[in-house]
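Beneath this line is the structure, given in structure tokens, with notes to follow.
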Amino acid sequence: MPSIQPHHVINPLIKIENLCKSYSLEDANGRTIMNQVLFNINLTINQGEFVAIMGQSGSGKSTLMNILGCLDTPTSGSYWLSEKNAAALSGDELARIRNRSIGFVFQGFNLLKRMTALDNVAAPLLYAGVSRSNSRRQALEFLRRTGLENFALHQPNQLSGGQQQRVAISRALINQPALILADEPTGNLDSQTSREIMSLFAQLNRDQGITIVLVTHEDTIAAYAKRLIRLKDGHVIYDKNNDRSLRTQ
Amino acid sequence: MNLFSIIGEALRALRQNRLRTGLTMLGMIIGVAAVVLMLSIGQGAQTKINQSIAAMGSHLFIVVPGATSSGGFSFGSGTIKTLTINDAHAIAELPSIGATAPVITGTAQLNYAAKNWSTIITGTTPDYFAVGSWKMESGTTFSESDLRSAARVVVLGSITAKNLFNDEDPVGKTIRITNRPFLVVGVLMAKGQSLTGRDQDDNVFIPITTSERQITGSQFPGSIRYMLAQGNSADDMDIAEIEMVQLLRQRHRISAGKENDFTVRNLTAIADVATSAAKVMSMVLGAIASVSLLVGGIGIMNIMLVSVTERTREIGIRMAIGANQRAILTQFLLEAMMICSMGGLIGVVLGIGGAWLVSQVADMLIVVTLGMIGLAFLFASAVGIFFGFYPAKKAASLKPVDALRYE
């Protein structure tokens, strides 16, 4: 099914089998009704891929993203991340995976308010048990790589959107995760900044081999990915190599 | 995440909302200050009572002549003169009794130079001073030979001495009591008020023999107003009381079935009642103050719940970047505990300050002990843990996806 199968990678980073997700809701009469959002998703993503998941709102792409990020658990089916079945892990183990193996980049940046850029980037290291001074030193290095070392002591509300997103990317990268999950990362940015952020993702993917899964509804953003997955009403309806992306490489 | 980092996070969060943190802390401050203040007032009252008891003398009995009745009317105790100096001597011989002091009293006018003062004259024996735990400011008590010879010697209470002599040293001077010259041999150290609030220092003491023959006089020679008897030990007070009653009944020839013509009161028992009353007061004050601590605790819980709701998204972000439940729980619990311990610290300082103020303004004895400070502080921290736990637990058990989505 996946069109790209780099031959040097043996085990897939992500393997999803028959995954379903439904939410229970209460209707006006107080009865519980089940609302199924994802239907029998099967998906394999290998290390080093750059995947864009597209779909209209309500297509289930955010739900899928949350499950991929171990923020939510599937109702049925299995989700293997680095050969661990995330559906069977405890809350603490999931927290550990989110900390070490996954970096999140959100549409709204989701930086911690009233904390400096430096402390924001350092936070995942603190949760990993690294000392404060060590984590700050490393955080500064990561800010330098995204060109923000001069803004290290600025708080998020003193930074532009693009700068905030680059702080968020630094934070996502600091524990050197295998996987970056970006949920509409350019949704709050102008087109020029969007291009810069997307170039940064492409560069991370190309130079460091970091697997990137991107959720977007914009074709121009999805164009940066090497593989395109389309969801509709909880089903995968399209999964192909992105020819345009290959051309830009 | 190590504890040090979490403390840093908690401090940052508390600083972000200074006014709210301050107001929440105020509940704790008032609670702890109230507990410290109330406990110190209670402790002060207890100490005051203990001092009075110690001043009164240890394991004391007071024996007063009994009530008389006439035509069905009972008169008050002491209305008949059934108790004598010889009764006192006999009781002093009992094995369970250390010493006794018979007392007769009267009032008289004292003169020294141009000053005069009216006060109570206590005629007694030299043992009185030992039995009543009196200490000498200067000079000595009168002696057994003074007693035998009915000498005109006098020991002054401190207030009487001050009123007659001002700053002059009274010992060796002669004062006049109802116009008879008396040599001042000693001045007593001040004792303050008795448990009943009577001033014990406005008093003069002369040998009982002198008093009987020359000052107060007596209808019935040898009869006394009351006697103090000192038991040998606190454990034998009950035995001593029984022995005294038996001896006096025998000496007064009271047949079986007839009522005593005297009353024996155990002053230690009275003191015990006063002590336990002070303890109960202490506890009641502490309990009332604890209520304010409890209210402060509920305030903390309330604010922490609001804080958790407000910061749901922050909790979600922290979970997304790898915080586990314990890290979130610890962070919020620490915030609550910091409010409490900082409030507790300020409260202790304010409580001590308040206690000092009360002692100055109301002229009360206030005792602040390290124990009560520790207790108040521990109690405050416990309140923090107790009332902080539920909100912290609530924060930690949020689902990451729900917390992140929260607007």
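Ligands are numbered from 1 in the order shown, chains are lettered A, B, ... in the order of the structure tokens, and residues start at 1 in each chain.
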From stretch 120-157 of chain B, collect each residue whose DSSP state is strand (DSSP E) and return the set as a compact mmCIF listing (two decimals) with C-alpha atoms, in the first residue's frame.
# COMPACT_ATOMS: atom_id res chain seq x y z
CA ILE B 120 -5.06 42.60 107.70
CA ILE B 121 -3.13 41.32 110.70
CA THR B 122 -2.38 37.61 110.48
CA GLY B 123 -1.40 35.97 113.73
CA THR B 124 0.33 32.68 113.06
CA MET B 136 11.93 36.65 102.38
CA GLU B 137 12.80 39.87 100.61
CA SER B 138 14.91 40.95 103.56
CA GLY B 139 15.33 40.10 107.25
CA VAL B 153 7.70 41.53 116.22
CA VAL B 154 6.18 41.80 112.74
CA VAL B 155 6.85 40.52 109.23
CA LEU B 156 5.51 42.81 106.51
DSSP on the backbone, then: every residue of stretch 193-398 of chain B marked helix (DSSP H, G or I), written as number ranges by chain. B: 208-215, 234-251, 267-310, 312-320, 325-361, 370-396
I'd like the neighbourhood of stretch 58-67 of chain A as a list in words, where a residue qualifies if any of its atoms comes within 9 Å (using only C-alpha atoms), though same-chain residues fewer than 5 positions away should be ignored.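 The contact residues come out as Lys21, Val37, Leu38, Ile53, Asp72, Thr73, Pro74, Tyr79, Ala86, Leu181, Ala182, Asp183, Val213, Leu214, Val215, Thr216, Arg230, Leu231, Lys232, Asp233, Gly234 and His235 of chain A; Val401 of chain B.
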Could you please select, counting only C-alpha atoms, the residues of chain B within 12 Å of chain A and state them as a PDB file with N, CA, C and O atoms, in the first residue's frame?
ATOM      1  N   MET B   1      11.459  14.944  35.919  1.00  0.00           N
ATOM      2  CA  MET B   1      11.709  16.320  36.356  1.00  0.00           C
ATOM      3  C   MET B   1      12.068  16.290  37.846  1.00  0.00           C
ATOM      4  O   MET B   1      11.356  15.711  38.645  1.00  0.00           O
ATOM      5  N   ASN B   2      13.178  16.886  38.188  1.00  0.00           N
ATOM      6  CA  ASN B   2      13.552  16.807  39.599  1.00  0.00           C
ATOM      7  C   ASN B   2      12.789  17.827  40.441  1.00  0.00           C
ATOM      8  O   ASN B   2      12.188  18.769  39.929  1.00  0.00           O
ATOM      9  N   LEU B   3      12.814  17.595  41.745  1.00  0.00           N
ATOM     10  CA  LEU B   3      12.011  18.394  42.666  1.00  0.00           C
ATOM     11  C   LEU B   3      12.373  19.872  42.590  1.00  0.00           C
ATOM     12  O   LEU B   3      11.514  20.740  42.632  1.00  0.00           O
ATOM     13  N   PHE B   4      13.666  20.115  42.412  1.00  0.00           N
ATOM     14  CA  PHE B   4      14.138  21.498  42.364  1.00  0.00           C
ATOM     15  C   PHE B   4      13.482  22.266  41.222  1.00  0.00           C
ATOM     16  O   PHE B   4      13.031  23.391  41.383  1.00  0.00           O
ATOM     17  N   SER B   5      13.423  21.595  40.044  1.00  0.00           N
ATOM     18  CA  SER B   5      12.795  22.238  38.884  1.00  0.00           C
ATOM     19  C   SER B   5      11.314  22.459  39.134  1.00  0.00           C
ATOM     20  O   SER B   5      10.755  23.491  38.767  1.00  0.00           O
ATOM     21  N   ILE B   6      10.673  21.461  39.768  1.00  0.00           N
ATOM     22  CA  ILE B   6       9.232  21.591  40.021  1.00  0.00           C
ATOM     23  C   ILE B   6       8.963  22.743  40.969  1.00  0.00           C
ATOM     24  O   ILE B   6       8.014  23.510  40.791  1.00  0.00           O
ATOM     25  N   ILE B   7       9.822  22.896  41.984  1.00  0.00           N
ATOM     26  CA  ILE B   7       9.675  24.023  42.914  1.00  0.00           C
ATOM     27  C   ILE B   7       9.781  25.341  42.150  1.00  0.00           C
ATOM     28  O   ILE B   7       8.997  26.266  42.344  1.00  0.00           O
ATOM     29  N   GLY B   8      10.740  25.382  41.214  1.00  0.00           N
ATOM     30  CA  GLY B   8      10.897  26.574  40.390  1.00  0.00           C
ATOM     31  C   GLY B   8       9.635  26.877  39.598  1.00  0.00           C
ATOM     32  O   GLY B   8       9.167  28.014  39.551  1.00  0.00           O
ATOM     33  N   GLU B   9       9.062  25.818  38.993  1.00  0.00           N
ATOM     34  CA  GLU B   9       7.826  25.981  38.219  1.00  0.00           C
ATOM     35  C   GLU B   9       6.699  26.492  39.112  1.00  0.00           C
ATOM     36  O   GLU B   9       5.946  27.385  38.740  1.00  0.00           O
ATOM     37  N   ARG B  12       7.124  30.078  39.982  1.00  0.00           N
ATOM     38  CA  ARG B  12       6.818  30.913  38.826  1.00  0.00           C
ATOM     39  C   ARG B  12       5.298  31.088  38.701  1.00  0.00           C
ATOM     40  O   ARG B  12       4.804  32.199  38.525  1.00  0.00           O
ATOM     41  N   ALA B  13       4.600  29.961  38.844  1.00  0.00           N
ATOM     42  CA  ALA B  13       3.143  30.018  38.717  1.00  0.00           C
ATOM     43  C   ALA B  13       2.538  30.917  39.794  1.00  0.00           C
ATOM     44  O   ALA B  13       1.608  31.674  39.531  1.00  0.00           O
ATOM     45  N   LEU B  14       3.085  30.833  41.019  1.00  0.00           N
ATOM     46  CA  LEU B  14       2.543  31.652  42.106  1.00  0.00           C
ATOM     47  C   LEU B  14       2.824  33.134  41.871  1.00  0.00           C
ATOM     48  O   LEU B  14       2.004  33.991  42.175  1.00  0.00           O
ATOM     49  N   ARG B  15       3.996  33.422  41.304  1.00  0.00           N
ATOM     50  CA  ARG B  15       4.360  34.810  41.038  1.00  0.00           C
ATOM     51  C   ARG B  15       3.492  35.422  39.952  1.00  0.00           C
ATOM     52  O   ARG B  15       3.253  36.619  39.939  1.00  0.00           O
ATOM     53  N   GLN B  16       3.040  34.548  39.017  1.00  0.00           N
ATOM     54  CA  GLN B  16       2.254  35.057  37.896  1.00  0.00           C
ATOM     55  C   GLN B  16       0.947  35.675  38.367  1.00  0.00           C
ATOM     56  O   GLN B  16       0.380  36.524  37.713  1.00  0.00           O
ATOM     57  N   ASN B  17       0.448  35.203  39.506  1.00  0.00           N
ATOM     58  CA  ASN B  17      -0.832  35.690  39.992  1.00  0.00           C
ATOM     59  C   ASN B  17      -0.685  36.201  41.404  1.00  0.00           C
ATOM     60  O   ASN B  17      -1.240  35.664  42.339  1.00  0.00           O
ATOM     61  N   ARG B 311      -5.698  26.678  33.827  1.00  0.00           N
ATOM     62  CA  ARG B 311      -4.432  26.274  33.240  1.00  0.00           C
ATOM     63  C   ARG B 311      -4.524  24.906  32.578  1.00  0.00           C
ATOM     64  O   ARG B 311      -3.513  24.231  32.375  1.00  0.00           O
ATOM     65  N   THR B 312      -5.758  24.499  32.235  1.00  0.00           N
ATOM     66  CA  THR B 312      -5.939  23.197  31.604  1.00  0.00           C
ATOM     67  C   THR B 312      -5.050  23.058  30.375  1.00  0.00           C
ATOM     68  O   THR B 312      -4.396  22.042  30.169  1.00  0.00           O
ATOM     69  N   ARG B 313      -5.032  24.132  29.562  1.00  0.00           N
ATOM     70  CA  ARG B 313      -4.246  24.066  28.340  1.00  0.00           C
ATOM     71  C   ARG B 313      -2.754  23.915  28.657  1.00  0.00           C
ATOM     72  O   ARG B 313      -2.055  23.129  28.025  1.00  0.00           O
ATOM     73  N   GLU B 314      -2.300  24.660  29.666  1.00  0.00           N
ATOM     74  CA  GLU B 314      -0.901  24.533  30.087  1.00  0.00           C
ATOM     75  C   GLU B 314      -0.598  23.090  30.504  1.00  0.00           C
ATOM     76  O   GLU B 314       0.450  22.535  30.153  1.00  0.00           O
ATOM     77  N   ILE B 315      -1.545  22.497  31.237  1.00  0.00           N
ATOM     78  CA  ILE B 315      -1.361  21.109  31.676  1.00  0.00           C
ATOM     79  C   ILE B 315      -1.251  20.206  30.450  1.00  0.00           C
ATOM     80  O   ILE B 315      -0.400  19.321  30.372  1.00  0.00           O
ATOM     81  N   GLY B 316      -2.124  20.481  29.457  1.00  0.00           N
ATOM     82  CA  GLY B 316      -2.087  19.706  28.212  1.00  0.00           C
ATOM     83  C   GLY B 316      -0.741  19.834  27.511  1.00  0.00           C
ATOM     84  O   GLY B 316      -0.175  18.833  27.046  1.00  0.00           O
ATOM     85  N   ILE B 317      -0.232  21.058  27.427  1.00  0.00           N
ATOM     86  CA  ILE B 317       1.065  21.278  26.764  1.00  0.00           C
ATOM     87  C   ILE B 317       2.150  20.511  27.504  1.00  0.00           C
ATOM     88  O   ILE B 317       2.971  19.812  26.910  1.00  0.00           O
ATOM     89  N   ARG B 318       2.110  20.622  28.843  1.00  0.00           N
ATOM     90  CA  ARG B 318       3.131  19.924  29.634  1.00  0.00           C
ATOM     91  C   ARG B 318       3.060  18.414  29.413  1.00  0.00           C
ATOM     92  O   ARG B 318       4.072  17.726  29.332  1.00  0.00           O
ATOM     93  N   MET B 319       1.831  17.898  29.317  1.00  0.00           N
ATOM     94  CA  MET B 319       1.688  16.463  29.072  1.00  0.00           C
ATOM     95  C   MET B 319       2.224  16.102  27.692  1.00  0.00           C
ATOM     96  O   MET B 319       2.858  15.066  27.512  1.00  0.00           O
ATOM     97  N   ALA B 320       1.964  16.974  26.702  1.00  0.00           N
ATOM     98  CA  ALA B 320       2.414  16.691  25.343  1.00  0.00           C
ATOM     99  C   ALA B 320       3.934  16.656  25.258  1.00  0.00           C
ATOM    100  O   ALA B 320       4.503  15.892  24.485  1.00  0.00           O
ATOM    101  N   ILE B 321       4.599  17.480  26.065  1.00  0.00           N
ATOM    102  CA  ILE B 321       6.064  17.472  25.978  1.00  0.00           C
ATOM    103  C   ILE B 321       6.685  16.496  26.972  1.00  0.00           C
ATOM    104  O   ILE B 321       7.894  16.470  27.137  1.00  0.00           O
ATOM    105  N   GLY B 322       5.837  15.695  27.629  1.00  0.00           N
ATOM    106  CA  GLY B 322       6.393  14.570  28.371  1.00  0.00           C
ATOM    107  C   GLY B 322       6.179  14.540  29.870  1.00  0.00           C
ATOM    108  O   GLY B 322       6.747  13.700  30.553  1.00  0.00           O
ATOM    109  N   ALA B 323       5.345  15.469  30.403  1.00  0.00           N
ATOM    110  CA  ALA B 323       5.078  15.407  31.843  1.00  0.00           C
ATOM    111  C   ALA B 323       4.185  14.213  32.132  1.00  0.00           C
ATOM    112  O   ALA B 323       3.173  14.033  31.463  1.00  0.00           O
ATOM    113  N   ASN B 324       4.573  13.395  33.110  1.00  0.00           N
ATOM    114  CA  ASN B 324       3.658  12.310  33.493  1.00  0.00           C
ATOM    115  C   ASN B 324       2.755  12.800  34.611  1.00  0.00           C
ATOM    116  O   ASN B 324       2.882  13.921  35.088  1.00  0.00           O
ATOM    117  N   GLN B 325       1.822  11.932  35.018  1.00  0.00           N
ATOM    118  CA  GLN B 325       0.831  12.340  36.023  1.00  0.00           C
ATOM    119  C   GLN B 325       1.491  12.830  37.291  1.00  0.00           C
ATOM    120  O   GLN B 325       1.059  13.796  37.904  1.00  0.00           O
ATOM    121  N   ARG B 326       2.569  12.131  37.682  1.00  0.00           N
ATOM    122  CA  ARG B 326       3.192  12.475  38.950  1.00  0.00           C
ATOM    123  C   ARG B 326       3.801  13.875  38.913  1.00  0.00           C
ATOM    124  O   ARG B 326       3.728  14.623  39.879  1.00  0.00           O
ATOM    125  N   ALA B 327       4.388  14.217  37.760  1.00  0.00           N
ATOM    126  CA  ALA B 327       5.001  15.544  37.644  1.00  0.00           C
ATOM    127  C   ALA B 327       3.939  16.637  37.782  1.00  0.00           C
ATOM    128  O   ALA B 327       4.152  17.648  38.451  1.00  0.00           O
ATOM    129  N   ILE B 328       2.778  16.422  37.141  1.00  0.00           N
ATOM    130  CA  ILE B 328       1.691  17.410  37.225  1.00  0.00           C
ATOM    131  C   ILE B 328       1.151  17.477  38.649  1.00  0.00           C
ATOM    132  O   ILE B 328       0.963  18.551  39.216  1.00  0.00           O
ATOM    133  N   GLN B 331       3.543  19.245  40.897  1.00  0.00           N
ATOM    134  CA  GLN B 331       3.585  20.688  40.664  1.00  0.00           C
ATOM    135  C   GLN B 331       2.441  21.410  41.364  1.00  0.00           C
ATOM    136  O   GLN B 331       2.653  22.394  42.069  1.00  0.00           O
ATOM    137  N   ALA B 396      -3.828  16.162  37.342  1.00  0.00           N
ATOM    138  CA  ALA B 396      -2.989  15.074  36.855  1.00  0.00           C
ATOM    139  C   ALA B 396      -3.795  14.034  36.092  1.00  0.00           C
ATOM    140  O   ALA B 396      -3.262  13.359  35.208  1.00  0.00           O
ATOM    141  N   SER B 397      -5.089  13.898  36.410  1.00  0.00           N
ATOM    142  CA  SER B 397      -5.843  12.846  35.733  1.00  0.00           C
ATOM    143  C   SER B 397      -6.561  13.347  34.481  1.00  0.00           C
ATOM    144  O   SER B 397      -7.348  12.620  33.891  1.00  0.00           O
ATOM    145  N   LEU B 398      -6.280  14.581  34.066  1.00  0.00           N
ATOM    146  CA  LEU B 398      -6.828  15.047  32.788  1.00  0.00           C
ATOM    147  C   LEU B 398      -6.255  14.196  31.659  1.00  0.00           C
ATOM    148  O   LEU B 398      -5.102  13.774  31.708  1.00  0.00           O
ATOM    149  N   LYS B 399      -7.084  13.955  30.631  1.00  0.00           N
ATOM    150  CA  LYS B 399      -6.552  13.253  29.459  1.00  0.00           C
ATOM    151  C   LYS B 399      -5.791  14.278  28.617  1.00  0.00           C
ATOM    152  O   LYS B 399      -6.295  15.369  28.361  1.00  0.00           O
ATOM    153  N   PRO B 400      -4.593  13.929  28.162  1.00  0.00           N
ATOM    154  CA  PRO B 400      -3.784  14.903  27.414  1.00  0.00           C
ATOM    155  C   PRO B 400      -4.550  15.548  26.272  1.00  0.00           C
ATOM    156  O   PRO B 400      -4.491  16.762  26.071  1.00  0.00           O
ATOM    157  N   VAL B 401      -5.278  14.729  25.529  1.00  0.00           N
ATOM    158  CA  VAL B 401      -5.951  15.261  24.342  1.00  0.00           C
ATOM    159  C   VAL B 401      -7.030  16.269  24.727  1.00  0.00           C
ATOM    160  O   VAL B 401      -7.181  17.314  24.103  1.00  0.00           O
ATOM    161  N   ASP B 402      -7.760  15.975  25.824  1.00  0.00           N
ATOM    162  CA  ASP B 402      -8.805  16.899  26.273  1.00  0.00           C
ATOM    163  C   ASP B 402      -8.193  18.187  26.797  1.00  0.00           C
ATOM    164  O   ASP B 402      -8.708  19.284  26.554  1.00  0.00           O
ATOM    165  N   ALA B 403      -7.100  18.029  27.544  1.00  0.00           N
ATOM    166  CA  ALA B 403      -6.464  19.208  28.135  1.00  0.00           C
ATOM    167  C   ALA B 403      -5.928  20.132  27.047  1.00  0.00           C
ATOM    168  O   ALA B 403      -6.068  21.350  27.115  1.00  0.00           O
ATOM    169  N   LEU B 404      -5.360  19.540  25.999  1.00  0.00           N
ATOM    170  CA  LEU B 404      -4.786  20.342  24.912  1.00  0.00           C
ATOM    171  C   LEU B 404      -5.863  21.061  24.112  1.00  0.00           C
ATOM    172  O   LEU B 404      -5.648  22.148  23.600  1.00  0.00           O
ATOM    173  N   ARG B 405      -7.014  20.413  24.002  1.00  0.00           N
ATOM    174  CA  ARG B 405      -8.083  20.969  23.177  1.00  0.00           C
ATOM    175  C   ARG B 405      -8.849  22.063  23.914  1.00  0.00           C
ATOM    176  O   ARG B 405      -9.601  22.818  23.321  1.00  0.00           O
ATOM    177  N   TYR B 406      -8.662  22.119  25.269  1.00  0.00           N
ATOM    178  CA  TYR B 406      -9.440  23.042  26.105  1.00  0.00           C
ATOM    179  C   TYR B 406      -9.181  24.484  25.707  1.00  0.00           C
ATOM    180  O   TYR B 406      -8.053  24.911  25.553  1.00  0.00           O
ATOM    181  N   GLU B 407     -10.246  25.220  25.523  1.00  0.00           N
ATOM    182  CA  GLU B 407     -10.094  26.649  25.190  1.00  0.00           C
ATOM    183  C   GLU B 407     -10.367  27.484  26.425  1.00  0.00           C
ATOM    184  O   GLU B 407     -11.428  27.430  26.965  1.00  0.00           O
TER     185      GLU B 407
END
Mind giving me the straight-line distance from atom CA of A:Glu218 to atom CA of A:Phe50 in Å, one decimal? 15.6 Å
Distance query A:Asn42 at most 6 Å, only C-alpha atoms, self and fewer than 3 positions along chain excluded, as a list in words: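 Near neighbours after the sequence-gap exclusion: Ile16, Glu17 and Asn18 of chain A.
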Report the distance between atom CA of B:Ile366 and atom CA of B:Ile41 in Å, rounded to one decimal place. 5.2 Å
